[in-house]
Amino acid sequence: MMTTTKEQVSISTRIKQLKTEMRHNRLSILKLSEDLNYPATIIADILFLRKKPDMDLLDKIENEITNSSKNRKGLQRVRSFPDNPMEISNKSYQSLDFSHSNIPNKLGEKIKKIRTELNFSELELGATLSPSVPANFIEEMENNQFIPSIEHLIEIADLGETTLDWLLRD
């Protein structure tokens, strides 16, 4: 059964509202994927309108975002930024050995573009990522001196409302 144009517009509007709510609550596609026990790639394809959504899955996504929003509001967590950026622990952040890989030439430019479009400082972007990273890591990423982990790349792509493919291709 084919969907009508009116239904497609309704689905598109609904997905835009879900993405807005995800951004507002800083809920990543990876976290949503874990909570729903569903592949992140499929959820991303639906949210970026690359695949026609299964209405049951769309309802599950909407319910999870709503529940996540309620849980976050109940916690009333306030994120504070340290006075000293070096206070951010990087124990859980693993440095990548990229001696056998090539850093995409424009990766740093694209990360910086996303950060500036969000009006984030390097410190704010670093604190937004999970696990958090110090501002100097963000600077190194933007200068192509350091390759972020795949998890961080996905989060950065989500924040910029773009695809991982765009972020990594030159």
# chains A, B, ... in the order shown; residues from 1 in each chain; ligands from 1
$ residues_around --residues "Lys110 (chain A)" --least-positions-apart "2" --cutoff "9 Å" --atoms "only C-alpha atoms" --output "MDAnalysis selection string"
chainID A and resid 106:108 112:115 142 166:168
$ atom_distance --atom1 "CA of Asn105 (chain A)" --atom2 "CA of Ser121 (chain A)"
22.1 Å
$ atom_distance --atom1 "CA of Ser130 (chain A)" --atom2 "CA of His152 (chain A)"
7.3 Å
$ residues_around --residues "Ile111 (chain A)" --least-positions-apart "6" --cutoff "12 Å" --atoms "only C-alpha atoms" --output "ChimeraX atom specification"
/A:104-105,117-118,120-122,125-126,137-144,146-148,152-162,164,166-168
$ select_by_dssp --residues "region 5-76 of chain A" --states "alpha helix (DSSP H)" --output "PyMOL selection string"
chain A and resi 5-24+29-36+40-47+55-75
$ atom_distance --atom1 "CA of Phe48 (chain A)" --atom2 "CA of Ser68 (chain A)"
20.2 Å
$ closest_residue --among "A:Leu36, A:Asp56, A:Lys51, A:Ile65" --to "Glu21 (chain A)" --atoms "only C-alpha atoms"
A:Ile65
$ residues_around --residues "Ile42 (chain A)" --least-positions-apart "6" --cutoff "12 Å" --atoms "only C-alpha atoms" --output "PyMOL selection string"
chain A and resi 29-30+32-33+36+48-54+57-58+61
$ closest_residue --among "A:Pro134, A:Ile150, A:Thr128, A:Gln145" --to "Arg26 (chain A)" --atoms "only C-alpha atoms"
A:Thr128
$ closest_residue --among "A:Ser132, A:Ser149, A:Asn119, A:Thr66" --to "Thr20 (chain A)" --atoms "only C-alpha atoms"
A:Thr66
